[in-house]
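A short write-up of the structure that comes next.
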Amino acid sequence: MKILFMEWKSLGQADIVQEFGERGWKVDFFPFPREEENTRLNHKLCEEIVRAIAGAGYDFVFSFNYFPVISIACNACRVKYVSWTFDSPFIQLYSNTISYPYNYVFIFDKGTCEDLWGKGIQTVYYLPMAAPVSRYDSYQLDSQTYDIYKTDISFIGSTYKEKKNRFYERLSGVSEKSKGYLDGLVQSQKMIYGDFILERLLIPEVLEDMMSACPLAVNADGFERLEWVYANYFMARYVTALEREAVLNALSHKFKVDLYTYEQTPELEKVRNMGTAEIMKEAPLIYRCSKINLNISLKSILTGIPLRAFEIMGSGGFLASNYQEDFLEFFRPDEDFICYMSLEELMDKVEYYMAHEKERLEIAENGYRKVKMAHTYKQRVDNILENIM
């Protein structure tokens with residue numbers, strides 16, 4: 001096989017490229033300017049991709065996340081475009097190009113797949129994320145390293161309070177009535193697991209007020225809904241910020257909690273802010289050295305298993321996650337990981353498993369074995385091949 005890999009700073013890139021290489025496939029790289037360029041309708045970039053593809057005999061073009069400009073180029077060259085989307089929300093999935101016949105659009109969140117399938121899109125496939133377990137296994141954990149990273153509870157991720165994520169503040173100009181409605185909706189979603197209510201409960205009068213306070217327009221080349229944009233980009237991030245703050249604060253009053261994130265967190269007084277964690281090697285060691293590792297999903301992930309969860313289990317770490325429906329297709333709660341549907345339930349379970357080390361270690365081992373057996377990049381590439389060949 002010969003592949004053109006659209007290269008940008010994506011998670012999983014080194015691991016899937018290694019998997020391609022171990023199969024004896026030739027991989028060429030195209031430096032994809034995700035941050036610098038328009039990746040929807042961009043004639044110049046499209047022409048550059050076409051020139052890279054034309055006559056090279058590629059079996060397919062691959063990218064993490066779906067980009068319409070790549071789809072347009074592949075369609076023009078009649079070459080398969082394989083993408084694997086791990087971000088949520090990801091508005092470019094709602095581009096009109098999604099239905100192009102050379103597309104194979106793999107998405108980690110079954111809920112998003114079902115939304116697109118419901119619109120008659122036949123180029124979308126469900127594909128959960130993975131973990132490079134063999135790489136994690138190669139990391140030796142000595143006593144000195146353990147002493148550096150050991151803790152009761154750890155969480156690696158954004159607080160969603162960073163300036164770039166504070167979309168909800170842009171709605172400050174809505175009426176008091178609308179503000180009360182939106183704040184109530186936010187608090188309701190914060191307590192609900194397994195159902196995303198934000199979009200469908202944005203009633204017309206409130207949506208109109210939001211559009212006046214912070215005008216948006218749907219993309220000319222897309223079919224996303226305005227209420228989808230407000231719910232997923234403005235409100236879901238705010239709900240997630242509130243939930244992560246509440247969870248970390250509550251746990252830190254009883255346990256030693258380490259947070260690895262890239263901004264200061266003065267609102268988390270008892271949480272130890274450790275700064276950022278290097279993803280390739282440091283994060284797996286943190287997961288292995290923490291008694292309990294948290295996954296607090298971004299609320300716009302409808303049912304999917306975040307990459308973080310696979311990485312925790314694949315590292316041999318003990319996973320405590322909020323409820324996400326897709327977990328139940330592959331893992332058993334209280335056997336491979338623990339899940340919660342309220343802060344109170346999380347607190348109870350954390351207290352129990354902190355006091356029952358044998359059970360905690362057994363669950364971590366079970367999760368590790370399942371990920372190693374069925375959720376590595378080898379299995380995922382096999383899944384991709386089954387669909388595109």
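Simple scheme: letters A, B, ... for chains in structure tokens order, numbers from 1 for residues in each chain, numbers from 1 for ligands in the order shown.
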Near-stretch 197-202 of chain A list (8 Å; only C-alpha atoms; drop same-chain fewer than 2 positions) as a list in words: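 Listing them by chain and then by number gives Leu185, Val186, Gln189, Asp195, Pro204, Val206, Leu207, Glu227, Trp228, Tyr230, Ala231, Asn232, Met235 and Ala236 of chain A.
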Report the closest atom pair, with its distance in Å rounded to one decimal, for each residue of stretch 127-198 of chain A that has an atom no farther than 12 Å from stretch 318-324 of chain A; count only C-alpha atoms, sort by chain and then rising residue number, and write it as a tab-separated table.
residue	atom	partner	partner_atom	distance
A:Asp152	CA	A:Phe318	CA	10.9
A:Ile153	CA	A:Ala320	CA	9.7
A:Ser154	CA	A:Leu319	CA	10.2
A:Phe155	CA	A:Ala320	CA	10.2
A:Lys190	CA	A:Asn322	CA	11.4
A:Met191	CA	A:Asn322	CA	11.0
A:Ile192	CA	A:Tyr323	CA	9.7
A:Tyr193	CA	A:Tyr323	CA	6.1
A:Gly194	CA	A:Gln324	CA	6.0
A:Asp195	CA	A:Gln324	CA	9.3
A:Phe196	CA	A:Gln324	CA	11.1
Give me, as a tab-separated table, the closest atom pair and its distance (Å, one decimal) for every residue of stretch 134-168 of chain A within a cut-off of 12 Å of stretch 353-375 of chain A, counting only C-alpha atoms, rows sorted by chain and rising number.
residue	atom	partner	partner_atom	distance
A:Ser134	CA	A:Lys372	CA	8.0
A:Arg135	CA	A:Lys372	CA	11.0
A:Tyr136	CA	A:Lys372	CA	10.4
A:Asp137	CA	A:Lys372	CA	10.1
A:Thr151	CA	A:Met354	CA	11.3
A:Asp152	CA	A:Met354	CA	7.9
A:Ile153	CA	A:Met354	CA	9.6
When DSSP is applied to the backbone of this structure, which of stretch 266-385 of chain A are assigned alpha helix (DSSP H)? Write them out as a short mmCIF file (atom, residue, chain, number, x, y, z; two decimals) with N, CA, C and O atoms, in the first residue's frame.
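And here's out-v3.cif as it stands now:
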data_model
loop_
_atom_site.label_atom_id
_atom_site.label_comp_id
_atom_site.auth_asym_id
_atom_site.auth_seq_id
_atom_site.Cartn_x
_atom_site.Cartn_y
_atom_site.Cartn_z
N GLU A 282 5.23 10.97 29.23
CA GLU A 282 4.93 11.35 30.60
C GLU A 282 3.51 10.97 31.00
O GLU A 282 3.28 10.45 32.10
N ALA A 283 2.53 11.21 30.12
CA ALA A 283 1.14 10.91 30.46
C ALA A 283 0.92 9.45 30.84
O ALA A 283 0.28 9.15 31.86
N PRO A 284 1.44 8.48 30.06
CA PRO A 284 1.26 7.08 30.46
C PRO A 284 1.84 6.76 31.85
O PRO A 284 1.29 5.94 32.58
N LEU A 285 2.96 7.40 32.19
CA LEU A 285 3.54 7.17 33.51
C LEU A 285 2.67 7.77 34.61
O LEU A 285 2.51 7.18 35.68
N ILE A 286 2.09 8.93 34.34
CA ILE A 286 1.16 9.53 35.30
C ILE A 286 -0.03 8.61 35.53
O ILE A 286 -0.44 8.37 36.67
N TYR A 287 -0.58 8.07 34.44
CA TYR A 287 -1.74 7.17 34.57
C TYR A 287 -1.38 5.94 35.39
O TYR A 287 -2.19 5.47 36.20
N ARG A 288 -0.18 5.43 35.19
CA ARG A 288 0.23 4.21 35.89
C ARG A 288 0.50 4.47 37.38
O ARG A 288 0.28 3.60 38.21
N CYS A 289 0.96 5.68 37.69
CA CYS A 289 1.35 5.99 39.06
C CYS A 289 0.21 6.57 39.90
O CYS A 289 0.35 6.70 41.12
N LEU A 307 -10.39 9.72 23.86
CA LEU A 307 -9.07 9.11 23.71
C LEU A 307 -8.40 8.91 25.07
O LEU A 307 -7.73 7.90 25.31
N ARG A 308 -8.58 9.87 25.96
CA ARG A 308 -7.99 9.81 27.30
C ARG A 308 -8.32 8.49 28.00
O ARG A 308 -7.47 7.91 28.67
N ALA A 309 -9.54 8.00 27.84
CA ALA A 309 -9.95 6.77 28.52
C ALA A 309 -9.17 5.56 28.02
O ALA A 309 -8.75 4.71 28.80
N PHE A 310 -8.99 5.46 26.70
CA PHE A 310 -8.20 4.36 26.15
C PHE A 310 -6.75 4.46 26.61
O PHE A 310 -6.12 3.44 26.91
N GLU A 311 -6.23 5.68 26.67
CA GLU A 311 -4.84 5.85 27.09
C GLU A 311 -4.65 5.45 28.55
O GLU A 311 -3.64 4.84 28.91
N ILE A 312 -5.62 5.79 29.39
CA ILE A 312 -5.52 5.42 30.81
C ILE A 312 -5.52 3.90 30.96
O ILE A 312 -4.64 3.32 31.60
N MET A 313 -6.52 3.25 30.39
CA MET A 313 -6.62 1.80 30.52
C MET A 313 -5.45 1.10 29.83
O MET A 313 -4.90 0.13 30.34
N GLY A 314 -5.05 1.61 28.66
CA GLY A 314 -3.95 0.99 27.92
C GLY A 314 -2.61 1.15 28.62
O GLY A 314 -1.68 0.40 28.34
N LEU A 343 -22.08 13.48 40.83
CA LEU A 343 -20.91 13.77 41.64
C LEU A 343 -20.93 12.94 42.92
O LEU A 343 -19.89 12.44 43.37
N GLU A 344 -22.11 12.76 43.48
CA GLU A 344 -22.23 11.97 44.71
C GLU A 344 -21.80 10.53 44.47
O GLU A 344 -21.10 9.92 45.31
N GLU A 345 -22.20 9.96 43.34
CA GLU A 345 -21.81 8.58 43.03
C GLU A 345 -20.30 8.49 42.83
O GLU A 345 -19.67 7.53 43.29
N LEU A 346 -19.71 9.48 42.17
CA LEU A 346 -18.26 9.48 41.99
C LEU A 346 -17.55 9.53 43.34
O LEU A 346 -16.61 8.76 43.57
N MET A 347 -17.99 10.40 44.22
CA MET A 347 -17.35 10.51 45.53
C MET A 347 -17.43 9.19 46.29
O MET A 347 -16.44 8.74 46.89
N ASP A 348 -18.59 8.54 46.25
CA ASP A 348 -18.75 7.27 46.95
C ASP A 348 -17.81 6.20 46.38
O ASP A 348 -17.17 5.45 47.13
N LYS A 349 -17.73 6.14 45.05
CA LYS A 349 -16.91 5.11 44.42
C LYS A 349 -15.42 5.37 44.64
O LYS A 349 -14.64 4.43 44.85
N VAL A 350 -15.02 6.61 44.58
CA VAL A 350 -13.62 6.94 44.82
C VAL A 350 -13.24 6.56 46.25
O VAL A 350 -12.18 5.94 46.49
N GLU A 351 -14.08 6.89 47.19
CA GLU A 351 -13.80 6.53 48.59
C GLU A 351 -13.68 5.02 48.74
O GLU A 351 -12.79 4.52 49.43
N TYR A 352 -14.57 4.29 48.08
CA TYR A 352 -14.55 2.82 48.20
C TYR A 352 -13.26 2.26 47.62
O TYR A 352 -12.57 1.45 48.27
N TYR A 353 -12.93 2.64 46.39
CA TYR A 353 -11.78 2.02 45.74
C TYR A 353 -10.45 2.54 46.28
O TYR A 353 -9.44 1.84 46.17
N MET A 354 -10.43 3.69 46.88
CA MET A 354 -9.21 4.13 47.56
C MET A 354 -8.95 3.25 48.78
O MET A 354 -7.79 3.05 49.17
N ALA A 355 -9.99 2.71 49.35
CA ALA A 355 -9.86 1.87 50.54
C ALA A 355 -9.74 0.38 50.21
O ALA A 355 -9.50 -0.43 51.10
N GLU A 357 -7.67 -1.58 47.73
CA GLU A 357 -6.61 -1.59 46.73
C GLU A 357 -6.65 -2.83 45.85
O GLU A 357 -6.45 -2.74 44.63
N LYS A 358 -6.90 -4.00 46.40
CA LYS A 358 -6.90 -5.23 45.62
C LYS A 358 -7.92 -5.15 44.49
O LYS A 358 -7.62 -5.47 43.34
N GLU A 359 -9.12 -4.70 44.81
CA GLU A 359 -10.17 -4.58 43.79
C GLU A 359 -9.79 -3.52 42.76
O GLU A 359 -10.03 -3.69 41.56
N ARG A 360 -9.20 -2.44 43.24
CA ARG A 360 -8.80 -1.36 42.33
C ARG A 360 -7.76 -1.87 41.33
O ARG A 360 -7.86 -1.61 40.12
N LEU A 361 -6.78 -2.60 41.80
CA LEU A 361 -5.74 -3.12 40.92
C LEU A 361 -6.29 -4.16 39.95
O LEU A 361 -5.86 -4.24 38.79
N GLU A 362 -7.25 -4.97 40.40
CA GLU A 362 -7.87 -5.97 39.52
C GLU A 362 -8.63 -5.29 38.38
O GLU A 362 -8.57 -5.73 37.22
N ILE A 363 -9.35 -4.23 38.70
CA ILE A 363 -10.10 -3.51 37.67
C ILE A 363 -9.15 -2.87 36.67
O ILE A 363 -9.36 -2.93 35.45
N ALA A 364 -8.07 -2.25 37.16
CA ALA A 364 -7.08 -1.65 36.26
C ALA A 364 -6.48 -2.71 35.33
O ALA A 364 -6.30 -2.47 34.13
N GLU A 365 -6.20 -3.88 35.86
CA GLU A 365 -5.63 -4.96 35.06
C GLU A 365 -6.62 -5.45 34.01
O GLU A 365 -6.25 -5.72 32.85
N ASN A 366 -7.89 -5.56 34.38
CA ASN A 366 -8.92 -5.99 33.43
C ASN A 366 -9.04 -5.00 32.27
O ASN A 366 -9.13 -5.39 31.10
N GLY A 367 -9.10 -3.72 32.60
CA GLY A 367 -9.19 -2.70 31.55
C GLY A 367 -7.99 -2.74 30.64
O GLY A 367 -8.12 -2.65 29.40
N TYR A 368 -6.82 -2.87 31.22
CA TYR A 368 -5.58 -2.95 30.43
C TYR A 368 -5.62 -4.12 29.46
O TYR A 368 -5.29 -3.97 28.27
N ARG A 369 -6.01 -5.30 29.94
CA ARG A 369 -6.02 -6.49 29.09
C ARG A 369 -7.01 -6.34 27.93
O ARG A 369 -6.72 -6.77 26.80
N LYS A 370 -8.17 -5.74 28.19
CA LYS A 370 -9.16 -5.58 27.12
C LYS A 370 -8.66 -4.61 26.05
O LYS A 370 -8.86 -4.83 24.85
N VAL A 371 -8.03 -3.52 26.48
CA VAL A 371 -7.51 -2.56 25.51
C VAL A 371 -6.39 -3.20 24.70
O VAL A 371 -6.33 -3.08 23.48
N LYS A 372 -5.50 -3.93 25.37
CA LYS A 372 -4.38 -4.58 24.68
C LYS A 372 -4.88 -5.62 23.67
O LYS A 372 -4.29 -5.78 22.59
N MET A 373 -5.95 -6.27 24.00
CA MET A 373 -6.46 -7.35 23.15
C MET A 373 -7.23 -6.82 21.95
O MET A 373 -7.15 -7.37 20.85
N ALA A 374 -7.98 -5.71 22.11
CA ALA A 374 -8.95 -5.35 21.07
C ALA A 374 -8.98 -3.88 20.68
O ALA A 374 -9.75 -3.52 19.80
N TYR A 377 -3.90 0.29 17.77
CA TYR A 377 -3.92 0.83 16.41
C TYR A 377 -3.92 -0.27 15.36
O TYR A 377 -4.43 -0.09 14.25
N LYS A 378 -3.38 -1.44 15.69
CA LYS A 378 -3.43 -2.56 14.77
C LYS A 378 -4.87 -2.95 14.47
O LYS A 378 -5.27 -3.12 13.31
N GLN A 379 -5.67 -3.10 15.54
CA GLN A 379 -7.08 -3.46 15.33
C GLN A 379 -7.83 -2.37 14.57
O GLN A 379 -8.67 -2.66 13.71
N ARG A 380 -7.52 -1.11 14.87
CA ARG A 380 -8.25 -0.03 14.20
C ARG A 380 -7.90 0.05 12.71
O ARG A 380 -8.78 0.29 11.88
N VAL A 381 -6.64 -0.16 12.36
CA VAL A 381 -6.27 -0.17 10.95
C VAL A 381 -6.93 -1.35 10.26
O VAL A 381 -7.40 -1.24 9.10
N ASP A 382 -7.03 -2.49 10.93
CA ASP A 382 -7.77 -3.62 10.38
C ASP A 382 -9.22 -3.23 10.09
O ASP A 382 -9.78 -3.57 9.05
N ASN A 383 -9.84 -2.51 11.05
CA ASN A 383 -11.23 -2.06 10.88
C ASN A 383 -11.37 -1.14 9.68
O ASN A 383 -12.33 -1.24 8.91
N ILE A 384 -10.41 -0.24 9.53
CA ILE A 384 -10.44 0.67 8.38
C ILE A 384 -10.37 -0.11 7.06
O ILE A 384 -11.16 0.12 6.14
N LEU A 385 -9.44 -1.07 7.00
CA LEU A 385 -9.28 -1.85 5.78
C LEU A 385 -10.53 -2.63 5.42
O LEU A 385 -10.89 -2.77 4.24
#
Stretch 264-275 of chain A surroundings by only C-alpha atoms, 8 Å radius, close-in-sequence under 6 positions cut, as a ChimeraX atom specification: /A:245,248-249,252-253,256-258
Select from stretch 74-147 of chain A every residue with an atom at most 8 Å from any atom of stretch 42-53 of chain A, then for each give the shortest pair of atoms and their distance in Å to one decimal, using only C-alpha atoms, rows by chain and rising number, as CSV.
residue,atom,partner,partner_atom,distance
A:Cys74,CA,A:Val50,CA,7.2
A:Ala76,CA,A:Val50,CA,7.6
A:Cys77,CA,A:Val50,CA,6.8
Residues within 6 Å of A:Ala241, only C-alpha atoms, excluding chain neighbours under 6 positions, as a CSV table (one decimal) with N, CA and C atoms, in the first residue's frame:
chain,number,residue,atom,x,y,z
A,159,THR,N,-9.3,22.8,31.6
A,159,THR,CA,-10.4,23.1,32.5
A,159,THR,C,-11.6,23.7,31.7
A,160,TYR,N,-11.3,24.1,30.5
A,160,TYR,CA,-12.3,24.8,29.6
A,160,TYR,C,-12.7,26.2,30.2
A,161,LYS,N,-11.8,26.7,31.1
A,161,LYS,CA,-11.9,28.1,31.6
A,161,LYS,C,-10.9,29.0,30.9
Close residues, stretch 103-106 of chain A itself excluded, 12 Å, only C-alpha atoms, min 6 positions apart in chain, as a ChimeraX atom specification: /A:60-76,78-87,92-94,96-97,112-113,116-117,121-129,380-381,383-389
Any chance you could export the current selection's N, CA and C atoms as a compact mmCIF listing (two decimals), in the first residue's frame?
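So the final result, stored in out_2.txt, reads:
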# COMPACT_ATOMS: atom_id res chain seq x y z
N PHE A 60 -4.73 5.46 -0.75
CA PHE A 60 -5.64 6.39 -0.10
C PHE A 60 -4.85 7.53 0.53
N VAL A 61 -5.57 8.59 0.82
CA VAL A 61 -5.05 9.73 1.56
C VAL A 61 -5.62 9.64 2.97
N PHE A 62 -4.79 9.92 3.98
CA PHE A 62 -5.25 9.78 5.36
C PHE A 62 -5.05 11.08 6.13
N SER A 63 -6.04 11.39 6.98
CA SER A 63 -5.87 12.50 7.93
C SER A 63 -6.61 12.18 9.22
N PHE A 64 -6.06 12.65 10.34
CA PHE A 64 -6.83 12.71 11.56
C PHE A 64 -7.73 13.94 11.46
N ASN A 65 -8.99 13.77 11.77
CA ASN A 65 -10.07 14.74 11.57
C ASN A 65 -10.37 14.89 10.08
N TYR A 66 -11.59 15.31 9.81
CA TYR A 66 -12.07 15.41 8.43
C TYR A 66 -11.96 16.85 7.94
N PHE A 67 -11.38 17.04 6.74
CA PHE A 67 -11.22 18.37 6.18
C PHE A 67 -11.79 18.42 4.76
N PRO A 68 -12.77 19.27 4.51
CA PRO A 68 -13.40 19.34 3.18
C PRO A 68 -12.42 19.58 2.04
N VAL A 69 -11.39 20.41 2.25
CA VAL A 69 -10.46 20.70 1.17
C VAL A 69 -9.74 19.43 0.71
N ILE A 70 -9.46 18.51 1.63
CA ILE A 70 -8.83 17.24 1.24
C ILE A 70 -9.83 16.39 0.48
N SER A 71 -11.07 16.38 0.94
CA SER A 71 -12.12 15.61 0.27
C SER A 71 -12.31 16.08 -1.17
N ILE A 72 -12.31 17.39 -1.36
CA ILE A 72 -12.48 17.95 -2.71
C ILE A 72 -11.33 17.50 -3.61
N ALA A 73 -10.11 17.56 -3.09
CA ALA A 73 -8.94 17.16 -3.89
C ALA A 73 -8.98 15.67 -4.22
N CYS A 74 -9.32 14.85 -3.23
CA CYS A 74 -9.38 13.40 -3.46
C CYS A 74 -10.48 13.04 -4.44
N ASN A 75 -11.61 13.72 -4.33
CA ASN A 75 -12.72 13.47 -5.25
C ASN A 75 -12.30 13.81 -6.68
N ALA A 76 -11.58 14.92 -6.82
CA ALA A 76 -11.13 15.33 -8.15
C ALA A 76 -10.15 14.32 -8.74
N ARG A 78 -10.06 11.11 -7.82
CA ARG A 78 -10.66 9.78 -7.69
C ARG A 78 -9.79 8.85 -6.85
N VAL A 79 -9.34 9.37 -5.74
CA VAL A 79 -8.54 8.62 -4.77
C VAL A 79 -9.28 8.62 -3.44
N LYS A 80 -9.27 7.48 -2.75
CA LYS A 80 -9.99 7.36 -1.48
C LYS A 80 -9.41 8.30 -0.43
N TYR A 81 -10.31 8.93 0.31
CA TYR A 81 -9.91 9.79 1.42
C TYR A 81 -10.40 9.16 2.72
N VAL A 82 -9.46 8.73 3.54
CA VAL A 82 -9.75 8.10 4.82
C VAL A 82 -9.44 9.11 5.92
N SER A 83 -10.44 9.47 6.71
CA SER A 83 -10.21 10.37 7.85
C SER A 83 -10.72 9.70 9.12
N TRP A 84 -10.12 10.07 10.22
CA TRP A 84 -10.51 9.51 11.53
C TRP A 84 -10.64 10.69 12.49
N THR A 85 -11.86 11.05 12.82
CA THR A 85 -12.12 12.24 13.62
C THR A 85 -12.22 11.91 15.09
N PHE A 86 -11.39 12.62 15.89
CA PHE A 86 -11.40 12.41 17.34
C PHE A 86 -11.79 13.67 18.11
N ASP A 87 -12.00 14.78 17.41
CA ASP A 87 -12.43 16.02 18.07
C ASP A 87 -13.95 16.10 18.10
N GLN A 92 -16.67 20.71 10.69
CA GLN A 92 -16.41 20.39 9.29
C GLN A 92 -17.04 19.06 8.86
N LEU A 93 -17.45 18.25 9.83
CA LEU A 93 -18.19 17.04 9.48
C LEU A 93 -19.54 17.38 8.85
N TYR A 94 -20.00 18.61 9.06
CA TYR A 94 -21.29 19.03 8.53
C TYR A 94 -21.14 19.83 7.24
N ASN A 96 -21.02 20.02 3.16
CA ASN A 96 -21.72 19.29 2.09
C ASN A 96 -20.82 18.27 1.41
N THR A 97 -19.51 18.40 1.57
CA THR A 97 -18.57 17.45 0.94
C THR A 97 -18.59 16.08 1.61
N THR A 112 -22.56 11.06 17.13
CA THR A 112 -22.38 11.93 15.96
C THR A 112 -22.62 11.15 14.68
N CYS A 113 -22.14 9.91 14.63
CA CYS A 113 -22.42 9.06 13.46
C CYS A 113 -23.92 8.93 13.24
N LEU A 116 -25.47 11.95 11.67
CA LEU A 116 -25.19 12.03 10.23
C LEU A 116 -25.89 10.92 9.46
N TRP A 117 -25.92 9.72 10.02
CA TRP A 117 -26.66 8.64 9.36
C TRP A 117 -28.14 9.01 9.20
N ILE A 121 -26.43 10.26 5.28
CA ILE A 121 -25.00 10.23 4.93
C ILE A 121 -24.50 8.79 5.00
N GLN A 122 -23.99 8.28 3.90
CA GLN A 122 -23.56 6.89 3.84
C GLN A 122 -22.04 6.72 3.82
N THR A 123 -21.31 7.80 3.97
CA THR A 123 -19.85 7.73 3.92
C THR A 123 -19.23 7.78 5.31
N VAL A 124 -20.05 7.66 6.34
CA VAL A 124 -19.59 7.79 7.72
C VAL A 124 -19.57 6.42 8.39
N TYR A 125 -18.52 6.16 9.19
CA TYR A 125 -18.35 4.88 9.88
C TYR A 125 -17.95 5.15 11.34
N TYR A 126 -18.43 4.29 12.22
CA TYR A 126 -18.08 4.41 13.64
C TYR A 126 -16.76 3.70 13.90
N LEU A 127 -15.81 4.41 14.50
CA LEU A 127 -14.52 3.80 14.84
C LEU A 127 -14.01 4.43 16.13
N PRO A 128 -14.06 3.69 17.24
CA PRO A 128 -13.54 4.23 18.51
C PRO A 128 -12.05 4.51 18.43
N MET A 129 -11.55 5.24 19.40
CA MET A 129 -10.13 5.54 19.45
C MET A 129 -9.34 4.30 19.91
N ARG A 380 -7.52 -1.11 14.87
CA ARG A 380 -8.25 -0.03 14.20
C ARG A 380 -7.90 0.05 12.71
N VAL A 381 -6.64 -0.16 12.36
CA VAL A 381 -6.27 -0.17 10.95
C VAL A 381 -6.93 -1.35 10.26
N ASN A 383 -9.84 -2.51 11.05
CA ASN A 383 -11.23 -2.06 10.88
C ASN A 383 -11.37 -1.14 9.68
N ILE A 384 -10.41 -0.24 9.53
CA ILE A 384 -10.44 0.67 8.38
C ILE A 384 -10.37 -0.11 7.06
N LEU A 385 -9.44 -1.07 7.00
CA LEU A 385 -9.28 -1.85 5.78
C LEU A 385 -10.53 -2.63 5.42
N GLU A 386 -11.20 -3.16 6.44
CA GLU A 386 -12.43 -3.91 6.19
C GLU A 386 -13.49 -3.07 5.49
N ASN A 387 -13.46 -1.77 5.73
CA ASN A 387 -14.48 -0.89 5.16
C ASN A 387 -14.08 -0.27 3.82
N ILE A 388 -12.79 -0.10 3.58
CA ILE A 388 -12.39 0.62 2.36
C ILE A 388 -11.97 -0.30 1.22
N MET A 389 -11.73 -1.57 1.53
CA MET A 389 -11.25 -2.46 0.46
C MET A 389 -12.41 -3.15 -0.27
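Checking A:Asp221, A:Asp209, A:Glu263, A:Glu169 one by one against A:Arg237, counting only C-alpha atoms, you find the shortest gap at A:Glu169.
Backbone DSSP assigns strand (DSSP E) in stretch 75-276 of chain A to A:Lys80, A:Tyr81, A:Val82, A:Ser83, A:Trp84, A:Thr85, A:Asn103, A:Tyr104, A:Val105, A:Phe106, A:Ile107, A:Val124, A:Tyr125, A:Tyr126, A:Thr151, A:Asp152, A:Ile153, A:Ser154, A:Phe155, A:Ile156, A:Val257, A:Asp258, A:Leu259, A:Tyr260, A:Arg272, A:Asn273.
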Store the residues picked out above, limited to C-alpha atoms, as a compact mmCIF listing (two decimals), in the first residue's frame.
# COMPACT_ATOMS: atom_id res chain seq x y z
CA LYS A 80 -9.99 7.36 -1.48
CA TYR A 81 -9.91 9.79 1.42
CA VAL A 82 -9.75 8.10 4.82
CA SER A 83 -10.21 10.37 7.85
CA TRP A 84 -10.51 9.51 11.53
CA THR A 85 -12.12 12.24 13.62
CA ASN A 103 -14.87 9.57 1.39
CA TYR A 104 -14.43 7.09 4.23
CA VAL A 105 -15.15 9.22 7.30
CA PHE A 106 -14.45 7.37 10.56
CA ILE A 107 -15.73 9.05 13.74
CA VAL A 124 -19.59 7.79 7.72
CA TYR A 125 -18.35 4.88 9.88
CA TYR A 126 -18.08 4.41 13.64
CA THR A 151 -0.81 10.59 43.74
CA ASP A 152 -4.30 9.65 44.79
CA ILE A 153 -6.16 11.13 41.82
CA SER A 154 -5.00 12.72 38.60
CA PHE A 155 -6.64 14.45 35.67
CA ILE A 156 -4.91 15.45 32.45
CA VAL A 257 -5.54 15.58 43.43
CA ASP A 258 -3.04 16.46 40.70
CA LEU A 259 -4.17 18.40 37.64
CA TYR A 260 -2.08 18.56 34.48
CA ARG A 272 -2.08 20.68 42.81
CA ASN A 273 -1.60 22.23 39.36
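Among the candidate residues A:Val218, A:Leu328, A:Leu41, A:Met210, the one lying nearest to A:Leu182 is A:Met210, with distances computed using only C-alpha atoms.
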Atom pair atom CA of A:Tyr340 / atom CA of A:Pro306: separation (Å):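 Spanning atom CA of A:Tyr340 to atom CA of A:Pro306 is a straight-line distance of 15.3 Å.
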Between atom CA of A:Leu226 and atom CA of A:Glu205 - distance in Å to one decimal: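 A separation of 13.4 Å between them.
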